[in-house]
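Asks: run12.pdb (PDB, C-alpha atoms, pLDDT in the B column) pasted underneath:
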```
ATOM      1  CA  MET A  50      79.158  45.977  94.813  1.00 80.00           C
ATOM      2  CA  SER A  51      80.573  44.374  97.966  1.00 91.00           C
ATOM      3  CA  TRP A  52      81.869  40.806  97.906  1.00 94.00           C
ATOM      4  CA  LEU A  53      79.020  39.743 100.168  1.00 95.00           C
ATOM      5  CA  ALA A  54      76.526  41.188  97.688  1.00 94.00           C
ATOM      6  CA  ARG A  55      78.245  39.317  94.838  1.00 94.00           C
ATOM      7  CA  LEU A  56      77.950  36.047  96.729  1.00 95.00           C
ATOM      8  CA  GLN A  57      74.254  36.692  97.299  1.00 95.00           C
ATOM      9  CA  MET A  58      73.824  37.354  93.585  1.00 92.00           C
ATOM     10  CA  TRP A  59      74.992  33.794  92.889  1.00 93.00           C
ATOM     11  CA  ASP A  60      72.784  32.521  95.696  1.00 95.00           C
ATOM     12  CA  TYR A  61      69.690  34.015  94.068  1.00 92.00           C
ATOM     13  CA  LEU A  62      70.761  33.195  90.514  1.00 89.00           C
ATOM     14  CA  ILE A  63      71.766  29.583  91.033  1.00 88.00           C
ATOM     15  CA  SER A  64      70.677  28.161  94.389  1.00 91.00           C
ATOM     16  CA  ILE A  65      67.355  29.848  95.162  1.00 92.00           C
ATOM     17  CA  ALA A  66      66.111  29.921  91.561  1.00 88.00           C
ATOM     18  CA  ALA A  67      67.032  26.257  91.031  1.00 88.00           C
ATOM     19  CA  VAL A  68      65.317  25.157  94.239  1.00 91.00           C
ATOM     20  CA  LYS A  69      62.132  27.046  93.405  1.00 91.00           C
ATOM     21  CA  ARG A  70      62.100  25.665  89.865  1.00 89.00           C
ATOM     22  CA  GLN A  71      62.480  22.124  91.175  1.00 88.00           C
ATOM     23  CA  GLN A  72      59.761  22.604  93.798  1.00 92.00           C
ATOM     24  CA  SER A  73      57.438  24.085  91.184  1.00 92.00           C
ATOM     25  CA  LEU A  74      57.750  20.912  89.099  1.00 90.00           C
ATOM     26  CA  TYR A  75      55.958  19.231  92.008  1.00 90.00           C
ATOM     27  CA  GLU A  76      53.329  22.011  92.086  1.00 87.00           C
ATOM     28  CA  GLY A  77      54.392  23.223  95.508  1.00 92.00           C
ATOM     29  CA  THR A  78      56.952  26.017  95.773  1.00 94.00           C
ATOM     30  CA  LEU A  79      57.519  26.224  99.519  1.00 95.00           C
ATOM     31  CA  VAL A  80      58.088  29.973  99.813  1.00 95.00           C
ATOM     32  CA  ALA A  81      56.256  32.547  97.709  1.00 92.00           C
ATOM     33  CA  GLN A  82      58.365  35.585  98.537  1.00 83.00           C
ATOM     34  CA  GLY A  83      56.310  38.563  99.542  1.00 71.00           C
ATOM     35  CA  ALA A  84      58.378  40.877  97.352  1.00 71.00           C
ATOM     36  CA  PHE A  85      57.091  39.486  94.067  1.00 82.00           C
ATOM     37  CA  SER A  86      54.159  37.086  94.363  1.00 90.00           C
ATOM     38  CA  ALA A  87      50.545  37.003  93.197  1.00 91.00           C
ATOM     39  CA  TYR A  88      47.882  35.280  95.282  1.00 94.00           C
ATOM     40  CA  LEU A  89      44.275  34.210  95.013  1.00 95.00           C
ATOM     41  CA  LYS A  90      42.271  36.140  97.596  1.00 96.00           C
ATOM     42  CA  GLU A  91      40.368  33.027  98.681  1.00 97.00           C
ATOM     43  CA  ALA A  92      43.644  31.139  99.208  1.00 96.00           C
ATOM     44  CA  ILE A  93      44.945  33.868 101.520  1.00 95.00           C
ATOM     45  CA  GLU A  94      41.670  33.901 103.457  1.00 96.00           C
ATOM     46  CA  LYS A  95      41.673  30.123 103.932  1.00 96.00           C
ATOM     47  CA  ALA A  96      45.317  30.225 105.023  1.00 95.00           C
ATOM     48  CA  GLY A  97      44.474  32.775 107.711  1.00 94.00           C
ATOM     49  CA  GLY A  98      46.200  35.747 106.117  1.00 93.00           C
ATOM     50  CA  TRP A  99      49.599  37.070 107.088  1.00 92.00           C
ATOM     51  CA  PHE A 100      50.727  36.013 110.549  1.00 93.00           C
ATOM     52  CA  PRO A 101      52.617  38.442 112.862  1.00 93.00           C
ATOM     53  CA  VAL A 102      55.895  36.548 112.476  1.00 94.00           C
ATOM     54  CA  VAL A 103      59.312  37.289 110.965  1.00 94.00           C
ATOM     55  CA  GLY A 104      58.885  34.627 108.269  1.00 94.00           C
ATOM     56  CA  GLU A 105      55.433  35.706 107.162  1.00 94.00           C
ATOM     57  CA  ASP A 106      55.968  34.621 103.541  1.00 95.00           C
ATOM     58  CA  ILE A 107      56.796  30.981 104.301  1.00 96.00           C
ATOM     59  CA  VAL A 108      54.069  30.762 106.968  1.00 97.00           C
ATOM     60  CA  LEU A 109      51.467  32.079 104.507  1.00 97.00           C
ATOM     61  CA  THR A 110      52.707  29.800 101.717  1.00 97.00           C
ATOM     62  CA  TRP A 111      52.497  26.704 103.891  1.00 97.00           C
ATOM     63  CA  GLY A 112      48.981  27.707 104.930  1.00 97.00           C
ATOM     64  CA  ILE A 113      48.026  27.906 101.259  1.00 97.00           C
ATOM     65  CA  LEU A 114      49.646  24.539 100.548  1.00 96.00           C
ATOM     66  CA  LYS A 115      47.880  22.988 103.544  1.00 95.00           C
ATOM     67  CA  HIS A 116      44.601  23.810 101.824  1.00 95.00           C
ATOM     68  CA  ASN A 117      45.945  22.023  98.744  1.00 94.00           C
ATOM     69  CA  TYR A 118      46.365  24.978  96.435  1.00 95.00           C
ATOM     70  CA  ARG A 119      49.173  24.930  93.894  1.00 94.00           C
ATOM     71  CA  VAL A 120      52.072  27.334  94.414  1.00 95.00           C
ATOM     72  CA  ASP A 121      54.056  27.738  91.203  1.00 94.00           C
ATOM     73  CA  TYR A 122      57.275  29.526  90.299  1.00 92.00           C
ATOM     74  CA  GLN A 123      57.596  31.414  87.017  1.00 90.00           C
ATOM     75  CA  ALA A 124      61.242  31.723  85.989  1.00 85.00           C
ATOM     76  CA  LYS A 125      60.570  34.546  83.527  1.00 85.00           C
ATOM     77  CA  ALA A 126      58.720  36.715  86.043  1.00 85.00           C
ATOM     78  CA  VAL A 127      61.849  38.613  87.030  1.00 81.00           C
ATOM     79  CA  GLY A 128      62.085  40.984  89.959  1.00 81.00           C
ATOM     80  CA  PHE A 129      65.137  42.614  91.515  1.00 83.00           C
ATOM     81  CA  THR A 130      65.855  43.089  95.191  1.00 87.00           C
ATOM     82  CA  HIS A 131      68.289  45.060  97.324  1.00 90.00           C
ATOM     83  CA  VAL A 132      70.530  42.645  99.212  1.00 94.00           C
ATOM     84  CA  PRO A 133      72.418  43.416 102.430  1.00 96.00           C
ATOM     85  CA  VAL A 134      75.877  44.714 101.532  1.00 96.00           C
ATOM     86  CA  LYS A 135      77.267  44.431 105.063  1.00 96.00           C
ATOM     87  CA  TYR A 136      77.551  41.336 107.208  1.00 97.00           C
ATOM     88  CA  ALA A 137      75.379  42.733 110.025  1.00 97.00           C
ATOM     89  CA  GLY A 138      72.425  43.191 107.679  1.00 97.00           C
ATOM     90  CA  TYR A 139      73.006  39.814 106.048  1.00 98.00           C
ATOM     91  CA  PHE A 140      73.175  38.155 109.478  1.00 98.00           C
ATOM     92  CA  LYS A 141      69.815  39.608 110.498  1.00 96.00           C
ATOM     93  CA  GLN A 142      68.171  38.646 107.195  1.00 96.00           C
ATOM     94  CA  ARG A 143      69.326  35.031 107.095  1.00 97.00           C
ATOM     95  CA  LYS A 144      68.590  34.595 110.791  1.00 97.00           C
ATOM     96  CA  ARG A 145      65.009  35.685 110.086  1.00 96.00           C
ATOM     97  CA  TRP A 146      64.801  33.191 107.244  1.00 96.00           C
ATOM     98  CA  ALA A 147      65.979  30.391 109.531  1.00 97.00           C
ATOM     99  CA  ARG A 148      63.451  31.349 112.205  1.00 97.00           C
ATOM    100  CA  GLY A 149      60.782  31.409 109.515  1.00 97.00           C
ATOM    101  CA  LEU A 150      61.230  27.692 108.892  1.00 97.00           C
ATOM    102  CA  PHE A 151      60.495  26.898 112.537  1.00 96.00           C
ATOM    103  CA  GLU A 152      57.612  29.387 112.539  1.00 97.00           C
ATOM    104  CA  ALA A 153      56.087  27.579 109.560  1.00 97.00           C
ATOM    105  CA  PHE A 154      56.168  24.216 111.319  1.00 97.00           C
ATOM    106  CA  ARG A 155      54.726  25.788 114.487  1.00 96.00           C
ATOM    107  CA  ALA A 156      51.930  27.545 112.591  1.00 96.00           C
ATOM    108  CA  HIS A 157      51.089  24.461 110.523  1.00 97.00           C
ATOM    109  CA  PRO A 158      52.079  21.396 112.586  1.00 96.00           C
ATOM    110  CA  THR A 159      49.710  19.136 110.637  1.00 95.00           C
ATOM    111  CA  ILE A 160      50.842  20.155 107.154  1.00 96.00           C
ATOM    112  CA  LEU A 161      52.466  16.789 106.445  1.00 95.00           C
ATOM    113  CA  ILE A 162      49.106  15.148 107.199  1.00 94.00           C
ATOM    114  CA  GLU A 163      46.717  17.609 105.542  1.00 93.00           C
ATOM    115  CA  TYR A 164      48.731  18.536 102.459  1.00 94.00           C
ATOM    116  CA  ARG A 165      48.171  16.039  99.643  1.00 91.00           C
ATOM    117  CA  GLY A 166      50.429  17.630  97.032  1.00 90.00           C
ATOM    118  CA  LEU A 167      53.549  16.240  95.419  1.00 88.00           C
ATOM    119  CA  SER A 168      55.800  18.542  97.474  1.00 91.00           C
ATOM    120  CA  LYS A 169      54.980  16.792 100.758  1.00 93.00           C
ATOM    121  CA  PHE A 170      58.304  14.942 100.664  1.00 93.00           C
ATOM    122  CA  ILE A 171      60.164  18.229 100.102  1.00 94.00           C
ATOM    123  CA  ILE A 172      58.437  19.731 103.145  1.00 96.00           C
ATOM    124  CA  PHE A 173      59.487  16.641 105.098  1.00 96.00           C
ATOM    125  CA  LEU A 174      63.103  17.210 104.051  1.00 94.00           C
ATOM    126  CA  ASN A 175      62.946  20.668 105.654  1.00 96.00           C
ATOM    127  CA  LEU A 176      62.920  18.912 109.022  1.00 96.00           C
ATOM    128  CA  PHE A 177      66.543  17.976 108.394  1.00 97.00           C
ATOM    129  CA  PHE A 178      67.821  21.477 107.550  1.00 96.00           C
ATOM    130  CA  PRO A 179      68.976  22.188 111.125  1.00 97.00           C
ATOM    131  CA  LEU A 180      70.852  18.877 111.179  1.00 97.00           C
ATOM    132  CA  ILE A 181      72.482  19.659 107.824  1.00 96.00           C
ATOM    133  CA  ASP A 182      73.665  23.060 109.051  1.00 97.00           C
ATOM    134  CA  LEU A 183      75.030  21.495 112.234  1.00 97.00           C
ATOM    135  CA  MET A 184      76.866  18.876 110.168  1.00 95.00           C
ATOM    136  CA  ILE A 185      78.388  21.582 107.958  1.00 94.00           C
ATOM    137  CA  MET A 186      79.734  23.520 110.932  1.00 95.00           C
ATOM    138  CA  PHE A 187      80.734  20.760 113.320  1.00 95.00           C
ATOM    139  CA  VAL A 188      81.626  17.855 111.017  1.00 92.00           C
ATOM    140  CA  LEU A 189      82.439  18.981 107.472  1.00 90.00           C
ATOM    141  CA  LEU A 190      84.345  22.177 108.312  1.00 92.00           C
ATOM    142  CA  PRO A 191      86.513  20.552 111.029  1.00 92.00           C
ATOM    143  CA  GLY A 192      87.026  17.586 108.700  1.00 91.00           C
ATOM    144  CA  ILE A 193      88.343  19.826 105.936  1.00 89.00           C
ATOM    145  CA  LEU A 194      90.625  21.688 108.339  1.00 90.00           C
ATOM    146  CA  VAL A 195      92.191  18.539 109.810  1.00 91.00           C
ATOM    147  CA  ALA A 196      92.634  17.139 106.297  1.00 88.00           C
ATOM    148  CA  LEU A 197      94.426  20.299 105.156  1.00 86.00           C
ATOM    149  CA  PHE A 198      96.648  20.837 108.185  1.00 90.00           C
ATOM    150  CA  PHE A 199      97.058  17.379 109.723  1.00 88.00           C
ATOM    151  CA  GLN A 200      96.605  15.043 106.719  1.00 86.00           C
ATOM    152  CA  PHE A 201      93.779  13.231 108.497  1.00 87.00           C
ATOM    153  CA  TYR A 202      91.292  12.194 105.811  1.00 84.00           C
ATOM    154  CA  LEU A 203      88.692  10.153 107.665  1.00 82.00           C
ATOM    155  CA  ILE A 204      85.995  12.855 107.386  1.00 80.00           C
ATOM    156  CA  ALA A 205      87.038  14.855 104.320  1.00 79.00           C
ATOM    157  CA  GLY A 206      89.022  12.674 101.964  1.00 77.00           C
ATOM    158  CA  VAL A 207      88.965  11.196  98.494  1.00 71.00           C
ATOM    159  CA  ILE A 208      85.187  10.808  98.388  1.00 69.00           C
ATOM    160  CA  THR A 209      84.779  14.504  99.197  1.00 74.00           C
ATOM    161  CA  LEU A 210      87.113  15.391  96.326  1.00 73.00           C
ATOM    162  CA  LEU A 211      85.166  13.154  93.947  1.00 76.00           C
ATOM    163  CA  LEU A 212      81.996  15.110  94.723  1.00 79.00           C
ATOM    164  CA  ILE A 213      83.549  18.393  93.571  1.00 77.00           C
ATOM    165  CA  PRO A 214      83.331  17.676  89.796  1.00 81.00           C
ATOM    166  CA  LEU A 215      79.701  16.602  90.205  1.00 83.00           C
ATOM    167  CA  ALA A 216      78.904  19.803  92.093  1.00 82.00           C
ATOM    168  CA  LEU A 217      80.631  21.928  89.448  1.00 83.00           C
ATOM    169  CA  LEU A 218      78.730  20.143  86.676  1.00 86.00           C
ATOM    170  CA  ASN A 219      75.464  20.797  88.490  1.00 85.00           C
ATOM    171  CA  VAL A 220      76.302  24.485  88.946  1.00 86.00           C
ATOM    172  CA  LEU A 221      77.278  24.805  85.272  1.00 86.00           C
ATOM    173  CA  GLN A 222      73.974  23.294  84.234  1.00 86.00           C
ATOM    174  CA  MET A 223      72.017  25.699  86.456  1.00 88.00           C
ATOM    175  CA  TYR A 224      74.072  28.659  85.228  1.00 87.00           C
ATOM    176  CA  GLN A 225      73.431  27.808  81.576  1.00 87.00           C
ATOM    177  CA  TYR A 226      69.720  27.410  82.233  1.00 88.00           C
ATOM    178  CA  GLN A 227      69.477  30.771  83.977  1.00 87.00           C
ATOM    179  CA  GLN A 228      71.547  32.371  81.226  1.00 86.00           C
ATOM    180  CA  ARG A 229      69.141  31.050  78.588  1.00 88.00           C
ATOM    181  CA  ILE A 230      65.968  31.978  80.478  1.00 87.00           C
ATOM    182  CA  LEU A 231      67.117  35.502  81.336  1.00 86.00           C
ATOM    183  CA  GLY A 232      68.603  35.973  77.864  1.00 88.00           C
ATOM    184  CA  GLU A 233      65.159  35.377  76.357  1.00 88.00           C
ATOM    185  CA  ILE A 234      63.858  38.440  78.198  1.00 86.00           C
ATOM    186  CA  GLY A 235      66.919  40.602  77.522  1.00 86.00           C
ATOM    187  CA  ILE A 236      68.780  40.280  80.827  1.00 85.00           C
ATOM    188  CA  SER A 237      72.482  39.432  80.804  1.00 84.00           C
ATOM    189  CA  VAL A 238      73.965  37.117  83.418  1.00 79.00           C
ATOM    190  CA  SER A 239      77.107  38.002  85.346  1.00 75.00           C
ATOM    191  CA  LYS A 240      80.356  36.304  84.381  1.00 74.00           C
ATOM    192  CA  GLY A 241      82.165  37.073  87.645  1.00 82.00           C
ATOM    193  CA  PHE A 242      83.612  33.609  87.981  1.00 83.00           C
ATOM    194  CA  VAL A 243      85.974  34.552  90.826  1.00 89.00           C
ATOM    195  CA  SER A 244      82.984  35.387  93.000  1.00 91.00           C
ATOM    196  CA  LEU A 245      81.294  32.188  91.763  1.00 89.00           C
ATOM    197  CA  ILE A 246      84.227  30.080  92.986  1.00 89.00           C
ATOM    198  CA  LEU A 247      84.144  31.900  96.326  1.00 92.00           C
ATOM    199  CA  PHE A 248      80.419  31.240  96.506  1.00 93.00           C
ATOM    200  CA  LEU A 249      80.906  27.521  95.895  1.00 90.00           C
ATOM    201  CA  VAL A 250      83.726  27.210  98.416  1.00 89.00           C
ATOM    202  CA  LEU A 251      82.688  29.548 101.227  1.00 93.00           C
ATOM    203  CA  TYR A 252      78.992  30.338 101.124  1.00 95.00           C
ATOM    204  CA  SER A 253      77.703  27.334 103.066  1.00 94.00           C
ATOM    205  CA  PHE A 254      80.190  28.043 105.842  1.00 96.00           C
ATOM    206  CA  ILE A 255      79.077  31.687 105.969  1.00 97.00           C
ATOM    207  CA  GLN A 256      75.377  30.878 106.063  1.00 97.00           C
ATOM    208  CA  ALA A 257      75.237  27.765 108.273  1.00 97.00           C
ATOM    209  CA  PRO A 258      76.252  29.392 111.602  1.00 98.00           C
ATOM    210  CA  ILE A 259      73.712  32.165 111.059  1.00 98.00           C
ATOM    211  CA  CYS A 260      70.971  29.609 110.467  1.00 98.00           C
ATOM    212  CA  ILE A 261      71.976  27.745 113.630  1.00 98.00           C
ATOM    213  CA  VAL A 262      71.598  30.966 115.635  1.00 97.00           C
ATOM    214  CA  GLY A 263      68.177  31.531 114.066  1.00 97.00           C
ATOM    215  CA  TYR A 264      67.033  27.990 114.830  1.00 97.00           C
ATOM    216  CA  ALA A 265      68.193  28.310 118.445  1.00 97.00           C
ATOM    217  CA  GLU A 266      66.492  31.672 118.960  1.00 95.00           C
ATOM    218  CA  GLU A 267      63.188  30.366 117.629  1.00 95.00           C
ATOM    219  CA  LEU A 268      63.483  27.075 119.499  1.00 92.00           C
ATOM    220  CA  PHE A 269      63.883  28.940 122.782  1.00 91.00           C
ATOM    221  CA  SER A 270      61.281  31.592 121.839  1.00 84.00           C
ATOM    222  CA  MET A 271      63.748  34.445 122.112  1.00 82.00           C
ATOM    223  CA  LYS A 272      62.767  37.996 121.222  1.00 78.00           C
ATOM    224  CA  LYS A 273      62.432  38.573 117.488  1.00 74.00           C
ATOM    225  CA  ARG A 274      64.722  41.314 116.212  1.00 67.00           C
TER     226      ARG A 274
END
```
Output the file's structure as structure tokens, nothing else.
Replies:
Amino acid sequence: MSWLARLQMWDYLISIAAVKRQQSLYEGTLVAQGAFSAYLKEAIEKAGGWFPVVGEDIVLTWGILKHNYRVDYQAKAVGFTHVPVKYAGYFKQRKRWARGLFEAFRAHPTILIEYRGLSKFIIFLNLFFPLIDLMIMFVLLPGILVALFFQFYLIAGVITLLLIPLALLNVLQMYQYQQRILGEIGISVSKGFVSLILFLVLYSFIQAPICIVGYAEELFSMKKR
């Protein structure tokens, strides 16, 4: 398994699973992945079916939510997927995911008005994802670099360090939950803690620039590849 694949394993195990579980508590998981989802036929019909877009799963899910259906996540319904093992494949995949977010807002511009579910606020937060990725690349990363090499701590300083234990505690909690849930159905969880540390330290900086490219391509209606 390549190191990139190992990092994605932690992404699915901790980040994506945790986000979907949290969204499901509000009865509105924002992306029902096409690889392993079950739908009501009438919900798909009301949502307009699958759109000819690169992020067809999120666009369909938001259409279903707009008609005020529940979209739940079942943690014990386990499916496995092949992840990109090389950076080129990973770049294309995550760029598509980023474009999918913009496609969803374009396809359903009134979702924040029509959707009455508890996840409305979470959908609203998605508007800030591009800003967050820009902040990671052009504020946080430079701030860390100048703190390390020039001892300038205005951007990344003591407060940043204080957040690390909280982040680790959160990750540990998510890991233990996933370990318990998967253990109940006979699936062991990886203990590759070196790759976990790399995931925590590097993954956002690997993913953010790809997302920015995806946002820009969709914003300027560039050819979908």
Asks: Which is closer to Thr159 (chain A) than all the others in A:Phe173, A:Tyr224, A:Phe178, A:Phe85, using all atoms listed in the file?
Replies: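 The closest residue to Thr159 (chain A) is A:Phe173.
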Asks: Taking the file as shown, find all residues satisfying the PyMOL selection byres ((chain A and resi 241-244) around 10) and write them as number ranges by chain.
Replies: A: 52-59, 238-240, 245-250
Asks: With the PyMOL selection byres ((chain A and resi 121-134) around 8) as the selection, what would be picked from this file? Answer as a list in words, please.
Replies: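 Taken over the shown coordinates, the PyMOL selection byres ((chain A and resi 121-134) around 8) returns Met50, Ser51, Leu53, Ala54, Gln57, Ala66, Lys69, Arg70, Ser73, Glu76, Gly77, Thr78, Phe85, Arg119, Val120, Lys135, Tyr136, Gly138, Tyr139, Gln142, Ile230, Leu231 and Ile234 of chain A.
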Asks: Name the residues in contact with Leu189 (chain A) at a cut-off of 12 Å, using all atoms listed in the file, excluding same-chain residues fewer than 3 positions from it; report them as a PyMOL selection string.
Replies: chain A and resi 181-186+192-196+202-206+209+253-254+257
Asks: Rank A:Ala81, A:Leu211, A:Leu251, A:Ala153 by their smallest atom-to-atom distance to Leu190 (chain A), using only C-alpha atoms, and report the top residue only.
Replies: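 Selected residue with least distance to Leu190 (chain A): A:Leu251.
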Asks: Which of these, A:Ile93, A:Ala137, A:Ala84, A:Leu114, has the shortest distance to Leu161 (chain A) once you count all atoms listed in the file?
Replies: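 Smallest distance to Leu161 (chain A) is found for A:Leu114.
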Asks: Using only C-alpha atoms, which of A:Leu197, A:Val80, A:Phe170, A:Ser237 sits nearest Gln225 (chain A)?
Replies: A:Ser237
Asks: Mind checking which residues fall within 12 Å of Lys273 (chain A), counting all atoms listed in the file, ignoring those fewer than 3 positions away in the same chain, and posting them as a list in words?
Replies: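 After dropping sequence-adjacent residues, the list is Pro101, Val102, Val103, Gly104, Lys141, Gln142, Lys144, Arg145, Trp146, Ala147, Arg148, Gly149, Glu152, Gly263, Tyr264, Ala265, Glu266, Glu267, Leu268, Phe269 and Ser270 of chain A.
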Asks: Could you give me the centre and size, in Å to one decimal, of an axis-aligned box around all listed atoms of region 120-131 of chain A with 6 Å added on every side, as AutoDock Vina command-line options?
Replies:
```
--center_x 60.2 --center_y 36.2 --center_z 90.4 --size_x 28.2 --size_y 29.7 --size_z 25.8
```
Asks: What gap, in Å, lies between CA of Val108 (chain A) and CA of Phe151 (chain A)?
Replies: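 Going from CA of Val108 (chain A) over to CA of Phe151 (chain A), I get 9.3 Å.
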Asks: Between CA of Asn117 (chain A) and CA of Arg165 (chain A), measure the distance and give it in Å to one decimal.
Replies: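 Those two atoms sit 6.4 Å apart.
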Asks: Using the chain letters and numbers from the file, give me the residues hit by the PyMOL selection byres ((chain A and resi 88) around 12), as a PyMOL selection string.
Replies: chain A and resi 81-83+85-87+89-96+98+106+109-110+113+118-121
Asks: In Å, with one decimal, what is the gap from CA of Ser64 (chain A) to CA of Arg155 (chain A)?
Replies: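 Atom-to-atom, CA of Ser64 (chain A) and CA of Arg155 (chain A) are spaced 25.8 Å apart.
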Asks: Name the closest residue to His116 (chain A) among the candidates A:Val188, A:Leu218, A:Leu74, A:Ile160; distances are taken between atoms, counting only C-alpha atoms.
Replies: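 Of A:Val188, A:Leu218, A:Leu74, A:Ile160, the one nearest His116 (chain A) is A:Ile160, counting only C-alpha atoms.
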